[in-house]
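Shown below: run21.cif, with mmCIF, C-alpha atoms and all ligand atoms.
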```cif
data_entry
#
loop_
_atom_site.label_atom_id
_atom_site.label_comp_id
_atom_site.auth_asym_id
_atom_site.auth_seq_id
_atom_site.Cartn_x
_atom_site.Cartn_y
_atom_site.Cartn_z
CA MET A 1 0.00 0.00 0.00
CA GLY A 2 1.38 3.43 -0.91
CA ARG A 3 1.66 6.25 1.59
CA SER A 4 -1.36 8.08 0.13
CA GLU A 5 -3.57 5.04 0.58
CA GLU A 6 -2.25 4.46 4.07
CA LEU A 7 -2.92 8.04 5.14
CA ARG A 8 -6.36 7.98 3.51
CA GLU A 9 -7.30 4.87 5.49
CA ARG A 10 -5.93 6.08 8.80
CA LEU A 11 -7.49 9.52 8.43
CA GLY A 12 -10.81 7.94 7.51
CA ALA A 13 -10.66 5.77 10.62
CA VAL A 14 -9.94 8.79 12.82
CA ARG A 15 -12.79 10.76 11.26
CA SER A 16 -15.10 7.82 11.92
CA ARG A 17 -14.01 7.74 15.56
CA ILE A 18 -14.72 11.48 15.85
CA ASP A 19 -18.14 11.11 14.22
CA ALA A 20 -19.03 8.23 16.54
CA ALA A 21 -17.82 10.16 19.60
CA CYS A 22 -19.88 13.19 18.56
CA ALA A 23 -22.96 11.03 18.00
CA ALA A 24 -22.53 9.46 21.44
CA ALA A 25 -22.13 12.91 23.03
CA GLY A 26 -24.98 14.50 21.06
CA ARG A 27 -22.56 16.95 19.45
CA ASP A 28 -22.34 18.24 15.90
CA PRO A 29 -19.07 17.04 14.30
CA HIS A 30 -18.70 20.50 12.76
CA GLU A 31 -17.95 21.84 16.26
CA VAL A 32 -14.84 19.68 16.41
CA THR A 33 -11.65 20.58 14.52
CA LEU A 34 -9.13 17.88 13.75
CA VAL A 35 -5.52 19.05 13.99
CA ALA A 36 -3.26 16.44 12.36
CA VAL A 37 0.01 16.46 14.33
CA THR A 38 2.69 15.93 11.68
CA LYS A 39 5.84 16.27 13.82
CA PHE A 40 8.59 13.88 12.69
CA PHE A 41 6.85 13.36 9.34
CA PRO A 42 7.89 15.03 6.07
CA SER A 43 6.17 17.82 4.21
CA ALA A 44 5.21 15.23 1.56
CA ASP A 45 2.83 13.76 4.16
CA VAL A 46 1.41 17.21 4.87
CA GLU A 47 0.72 17.64 1.17
CA ILE A 48 -1.05 14.27 1.00
CA LEU A 49 -3.15 15.15 4.05
CA ALA A 50 -4.05 18.55 2.59
CA GLY A 51 -5.18 16.73 -0.55
CA LEU A 52 -7.42 14.57 1.67
CA GLY A 53 -9.10 17.65 3.10
CA VAL A 54 -7.03 18.25 6.23
CA GLU A 55 -7.02 21.98 6.98
CA HIS A 56 -5.12 22.05 10.27
CA ILE A 57 -1.69 20.66 11.06
CA GLY A 58 0.14 20.61 14.39
CA GLU A 59 3.87 20.77 14.98
CA SER A 60 5.85 20.68 18.20
CA ARG A 61 9.50 21.25 17.34
CA ASP A 62 10.40 24.71 16.15
CA GLN A 63 13.22 24.10 13.73
CA GLU A 64 11.58 21.15 12.05
CA ALA A 65 8.26 22.99 11.86
CA GLY A 66 9.70 26.17 10.37
CA GLU A 67 11.53 24.29 7.64
CA LYS A 68 8.58 22.07 6.86
CA VAL A 69 6.10 24.91 6.57
CA ALA A 70 8.52 26.91 4.42
CA SER A 71 8.93 23.97 2.04
CA LEU A 72 5.20 23.63 1.33
CA PRO A 73 3.95 24.92 -2.03
CA ALA A 74 2.09 28.21 -1.57
CA SER A 75 -1.10 26.61 -2.86
CA VAL A 76 -0.95 24.08 0.01
CA ARG A 77 0.27 26.50 2.68
CA GLU A 78 -2.52 29.00 2.09
CA ARG A 79 -5.19 26.37 2.70
CA LEU A 80 -3.66 25.21 5.99
CA GLN A 81 -3.73 26.55 9.51
CA VAL A 82 -0.50 25.78 11.35
CA HIS A 83 -0.83 25.03 15.08
CA PHE A 84 2.27 25.00 17.26
CA VAL A 85 1.50 22.56 20.09
CA GLY A 86 4.86 21.82 21.74
CA GLN A 87 6.85 23.33 24.55
CA LEU A 88 8.30 26.61 23.45
CA GLN A 89 11.36 28.50 24.60
CA ARG A 90 11.35 32.25 24.61
CA ASN A 91 14.25 32.52 22.18
CA LYS A 92 12.22 30.56 19.60
CA ALA A 93 9.15 32.75 19.93
CA ARG A 94 10.05 35.16 17.15
CA ARG A 95 10.45 32.34 14.65
CA VAL A 96 7.25 30.56 15.62
CA ALA A 97 5.37 33.87 15.41
CA GLY A 98 6.51 34.08 11.79
CA TYR A 99 4.85 30.87 10.58
CA ALA A 100 2.25 29.68 13.10
CA ASP A 101 -1.40 30.67 13.03
CA VAL A 102 -2.04 29.45 16.58
CA VAL A 103 0.16 28.50 19.54
CA HIS A 104 -1.49 25.98 21.92
CA SER A 105 1.22 25.84 24.56
CA VAL A 106 1.42 29.28 26.17
CA ASP A 107 2.11 28.70 29.86
CA ARG A 108 3.92 31.75 31.27
CA ALA A 109 3.87 35.53 31.05
CA ARG A 110 7.40 35.86 29.66
CA LEU A 111 6.40 33.72 26.71
CA VAL A 112 3.36 35.96 26.15
CA SER A 113 5.53 39.05 25.80
CA ALA A 114 8.06 37.25 23.58
CA LEU A 115 5.35 35.96 21.24
CA ASP A 116 3.67 39.35 21.08
CA ALA A 117 6.92 41.13 20.24
CA GLY A 118 7.69 38.36 17.74
CA ARG A 119 4.36 38.76 16.00
CA VAL A 120 4.73 42.53 15.80
CA GLN A 121 8.12 41.99 14.14
CA ALA A 122 6.88 39.20 11.85
CA ARG A 123 4.09 41.46 10.61
CA ALA A 124 6.49 44.34 10.10
CA ASP A 125 8.70 41.97 8.09
CA GLY A 126 5.74 40.90 5.95
CA GLU A 127 5.89 37.23 7.02
CA VAL A 128 2.31 37.07 8.27
CA ASP A 129 -0.72 39.21 8.50
CA GLY A 130 -3.14 39.23 11.36
CA PRO A 131 -2.65 38.46 15.03
CA LEU A 132 -1.44 35.15 16.45
CA GLY A 133 -4.04 32.91 18.11
CA VAL A 134 -3.12 31.73 21.60
CA LEU A 135 -4.31 28.91 23.83
CA LEU A 136 -3.25 28.71 27.45
CA GLN A 137 -1.86 25.30 28.35
CA VAL A 138 -3.12 24.22 31.77
CA ASP A 139 -1.46 21.70 34.07
CA LEU A 140 -4.15 19.18 35.02
CA GLY A 141 -2.00 17.18 37.42
CA GLU A 142 -3.44 16.89 40.92
CA GLY A 143 -1.81 16.02 44.23
CA GLU A 144 0.91 13.45 43.79
CA GLN A 145 0.27 13.13 40.13
CA ALA A 146 2.70 14.73 37.75
CA GLY A 147 1.16 17.10 35.29
CA ARG A 148 2.41 17.33 31.72
CA GLY A 149 3.24 20.97 31.45
CA GLY A 150 1.20 24.12 31.63
CA VAL A 151 0.20 26.91 33.97
CA ALA A 152 -1.25 26.02 37.37
CA PRO A 153 -5.02 26.66 37.41
CA ALA A 154 -4.49 29.26 40.16
CA ASP A 155 -2.35 31.35 37.81
CA LEU A 156 -4.56 31.01 34.75
CA ASP A 157 -6.57 34.22 35.09
CA ALA A 158 -3.47 36.39 35.36
CA LEU A 159 -2.01 34.75 32.26
CA ALA A 160 -5.26 35.30 30.36
CA GLY A 161 -5.09 38.95 31.37
CA ALA A 162 -1.56 39.23 30.00
CA VAL A 163 -2.66 37.81 26.64
CA ALA A 164 -5.64 40.17 26.57
CA GLU A 165 -3.30 43.11 26.87
CA ALA A 166 -0.93 41.94 24.17
CA GLU A 167 -1.26 43.87 20.93
CA GLN A 168 -0.82 41.06 18.41
CA LEU A 169 -2.16 38.04 20.31
CA ARG A 170 -5.75 36.79 20.41
CA LEU A 171 -6.81 34.57 23.26
CA ARG A 172 -8.69 31.57 21.83
CA GLY A 173 -9.06 29.32 24.87
CA VAL A 174 -7.36 26.55 26.82
CA MET A 175 -5.35 23.43 26.06
CA ALA A 176 -4.14 20.44 28.07
CA ILE A 177 -2.53 17.04 27.84
CA ALA A 178 -4.13 14.44 30.11
CA PRO A 179 -1.88 13.47 33.05
CA LEU A 180 -0.24 10.06 32.64
CA GLY A 181 -1.52 7.00 34.41
CA LEU A 182 -5.22 7.87 34.66
CA ASP A 183 -8.02 5.50 33.75
CA GLU A 184 -10.79 6.72 31.48
CA ALA A 185 -12.83 8.20 34.31
CA GLY A 186 -9.76 10.05 35.55
CA VAL A 187 -9.07 11.50 32.10
CA ARG A 188 -12.72 12.53 31.84
CA SER A 189 -12.58 14.32 35.13
CA ALA A 190 -9.33 16.08 34.11
CA PHE A 191 -10.90 17.25 30.84
CA ASP A 192 -14.04 18.36 32.69
CA ARG A 193 -11.82 20.55 34.87
CA LEU A 194 -10.25 21.99 31.73
CA ALA A 195 -13.70 22.82 30.33
CA ALA A 196 -14.61 24.59 33.56
CA LEU A 197 -11.37 26.59 33.47
CA GLY A 198 -12.12 27.64 29.89
CA GLU A 199 -15.52 28.83 31.08
CA ARG A 200 -13.87 30.67 33.93
CA ILE A 201 -11.53 32.72 31.74
CA ARG A 202 -14.43 33.72 29.49
CA HIS A 203 -16.40 34.78 32.52
CA THR A 204 -13.53 36.66 34.14
CA ALA A 205 -12.85 38.41 30.86
CA GLY A 206 -16.29 40.03 31.03
CA THR A 207 -17.03 42.00 27.92
CA GLY A 208 -13.59 41.95 26.28
CA PRO A 209 -12.79 39.92 23.18
CA GLU A 210 -11.71 37.11 25.52
CA ARG A 211 -15.33 36.14 25.91
CA GLU A 212 -14.80 34.59 22.49
CA ALA A 213 -12.01 32.39 23.84
CA THR A 214 -14.15 29.33 23.19
CA TRP A 215 -11.61 26.76 22.09
CA MET A 216 -10.76 23.71 24.16
CA SER A 217 -7.79 21.79 22.78
CA ALA A 218 -7.74 18.31 24.33
CA GLY A 219 -7.65 14.76 23.11
CA MET A 220 -4.93 12.89 21.24
CA SER A 221 -4.83 9.52 19.48
CA GLY A 222 -5.54 7.57 22.66
CA ASP A 223 -8.18 9.70 24.34
CA LEU A 224 -10.02 11.67 21.67
CA GLU A 225 -13.40 10.10 22.50
CA VAL A 226 -13.14 11.20 26.13
CA ALA A 227 -12.16 14.70 25.01
CA VAL A 228 -15.15 14.96 22.66
CA ALA A 229 -17.45 13.86 25.49
CA ALA A 230 -15.96 16.58 27.72
CA GLY A 231 -16.53 19.30 25.11
CA ALA A 232 -13.21 19.59 23.26
CA THR A 233 -13.32 21.77 20.16
CA HIS A 234 -9.84 20.87 18.88
CA LEU A 235 -8.32 17.38 18.82
CA ARG A 236 -4.56 17.01 18.29
CA VAL A 237 -4.12 13.64 16.65
CA GLY A 238 -0.72 12.38 15.52
CA SER A 239 0.10 8.68 15.53
CA ALA A 240 -3.43 7.45 14.76
CA ILE A 241 -3.15 9.27 11.42
CA LEU A 242 0.57 9.31 10.60
CA GLY A 243 1.77 6.11 12.28
CA SER A 244 4.21 5.71 15.13
CA ARG A 245 7.01 8.21 15.56
CA PRO A 246 10.67 7.39 16.10
CA ASP A 247 10.54 9.26 19.43
CA PRO A 248 7.86 8.15 21.91
CA ARG A 249 6.90 11.72 22.84
C1 LIG A 301 2.67 14.72 19.65
C2 LIG A 301 1.57 15.48 20.28
C3 LIG A 301 0.23 15.14 20.05
C4 LIG A 301 -0.21 13.95 19.24
O1 LIG A 301 -0.08 12.78 20.01
P1 LIG A 301 -0.60 11.36 19.48
O2 LIG A 301 -0.69 10.55 20.70
O3 LIG A 301 0.42 10.87 18.52
O4 LIG A 301 -1.91 11.56 18.84
C5 LIG A 301 -0.74 15.93 20.65
N1 LIG A 301 -0.42 17.00 21.42
C6 LIG A 301 0.87 17.35 21.65
C7 LIG A 301 1.15 18.53 22.50
C8 LIG A 301 1.90 16.61 21.08
O5 LIG A 301 3.16 16.98 21.32
#
```

Take the structure in this file and express it as structure tokens.
Ligand SMILES: *Cc1c(COP(=O)(O)O)cnc(C)c1O
Amino acid sequence: MGRSEELRERLGAVRSRIDAACAAAGRDPHEVTLVAVTKFFPSADVEILAGLGVEHIGESRDQEAGEKVASLPASVRERLQVHFVGQLQRNKARRVAGYADVVHSVDRARLVSALDAGRVQARADGEVDGPLGVLLQVDLGEGEQAGRGGVAPADLDALAGAVAEAEQLRLRGVMAIAPLGLDEAGVRSAFDRLAALGERIRHTAGTGPEREATWMSAGMSGDLEVAVAAGATHLRVGSAILGSRPDPR
């Protein structure tokens, strides 16, 4: 089987899982955006996926992502939204702000200011137009349990306020990775907490544009059904579509 056929089959299977999860949750599949996480896979795969109707790709490693996006034909690039979903260092913020449409992994105020300054510069340099979408990554670990990155819920409102004040950032909502080692009920309860935190930042934001921060990015290859049930609007699915990666991250 060629790579195109393989990706078509795997993507079809993931779309069927999403449709079934939406049906079970009484949700409209149009409310749920599939972000195909293409890290470790070549731009040729991105082109195949775009040809199969994928409109959103996710990347988590800056250098790889920048090169891959730059190598896409303009006709493919302009039909794709690029989501940066990985941990991000401040010194990479300028570069990411020059090719990403959305960053899912904003977890500290110093990254907010670096991304904002980076976007201002990227616009001045003609690399992008329009502001950068931002999701706040929340740490859903509790008690003994190790979280998997993100701002502590107690610090979330202050971080949302920092994004609201940034000139070239638009707050879109919240993101999380389920803590390791939970059973399905535990993952569901973690994602329910994330949904409540998303609600909280919209409420705290009052009448500002942050009330439109309606996105909830949760759910990966192994737990997308649980995320749909909990109200996720964006699923970040890698290995179920692309196959297993060389690195188990
Ligand atoms: C790699 C990655 C994914 C995709 O994970 P899969 O289990 O392969 O679906 C989702 N979110 C983030 C932040 C990632 O780094």

Can you work out the spacing between atom CA of A:Ser4 and atom CA of A:Gly51 in Å, to one decimal?
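Rounded to one decimal, the two atoms are 9.5 Å apart.
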
What is the atom CA of A:Leu111-atom CA of A:Arg95 distance in Å, reported with one decimal?
12.8 Å

Close residues to ligand LIG 301 (chain A) using only C-alpha atoms and all ligand atoms, limit 7 Å, as a list in words:
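Checked against 7 Å with only C-alpha atoms and all ligand atoms; the hits are Val37, Lys39, Ser60, Val85, Gly86, Ile177, Met220, Ser221, Gly222, Arg236, Val237, Gly238, Ser239, Ala240 and Arg249 of chain A.
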
Give me the residues within 7 Å of A:Glu225 as a PyMOL selection string, counting only C-alpha atoms and dropping any in the same chain fewer than 2 places off.
chain A and resi 18+21+223+227-229

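Between A:Ser244 and the residues A:Leu136, A:Arg10, A:Gly130, A:Gly186, the shortest atom-to-atom distance, using all atoms listed in the file, involves A:Arg10.
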
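With all atoms listed in the file as the atoms that count, the minimum distance from A:Leu7 to the choices A:Val187, A:Leu132, A:Ala50, A:Ala97 is reached by A:Ala50.
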
Can you pull out the residues contacting A:Arg15? Cut-off 12 Å, using all atoms listed in the file, and skip same-chain residues under 2 positions away; I want them as a PyMOL selection string.
chain A and resi 7-13+17-22+29-30+32-36+52-54+221+224-225+235+237+240-241

Minimum-distance residue to A:Gln137, chosen among A:Glu165, A:Asp28, A:Asp107, A:Glu78 (using all atoms listed in the file)
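Residue with the minimum atom-to-atom distance to A:Gln137: A:Asp107.
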
Separating atom CA of A:Arg200 from atom CA of A:Leu156, to the nearest tenth of an Å, is a gap of 9.4 Å

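Distance annotation: of A:Ala65, A:Val102, A:Met216, A:Met1, the residue with the minimal separation from A:Arg170 is A:Val102; atom set is only C-alpha atoms.
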
Could you check which of A:Val112, A:Val106, A:Leu182, A:Val128 is closest to A:Val151, using only C-alpha atoms?
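That would be A:Val106, the residue with the smallest distance to A:Val151.
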
If I wrap all listed atoms of stretch 10-24 of chain A in a box with edges along x, y and z and add 4 Å on each side, what are its centre and edge lengths in Å to one decimal, as JSON?
```
{"center_x": -14.4, "center_y": 9.5, "center_z": 14.5, "size_x": 25.0, "size_y": 15.4, "size_z": 21.9}
```

Counting only C-alpha atoms, what is within 10 Å of A:Leu115, bar same-chain residues fewer than 5 positions away, as a PyMOL selection string?
chain A and resi 90-98+103+106+109-110+120-121+132+134+163+166+168-169

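Comparing the minimum interatomic distances between A:Leu180 and each of A:Val69, A:Ala100, A:Leu140, A:Ile201, counting all atoms listed in the file, we find that A:Leu140 sits nearest.
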
Residues near A:Leu72, cut-off 9 Å, all atoms listed in the file, skip fewer than 6 positions along chain, as a ChimeraX atom specification:
/A:43-44,46-47
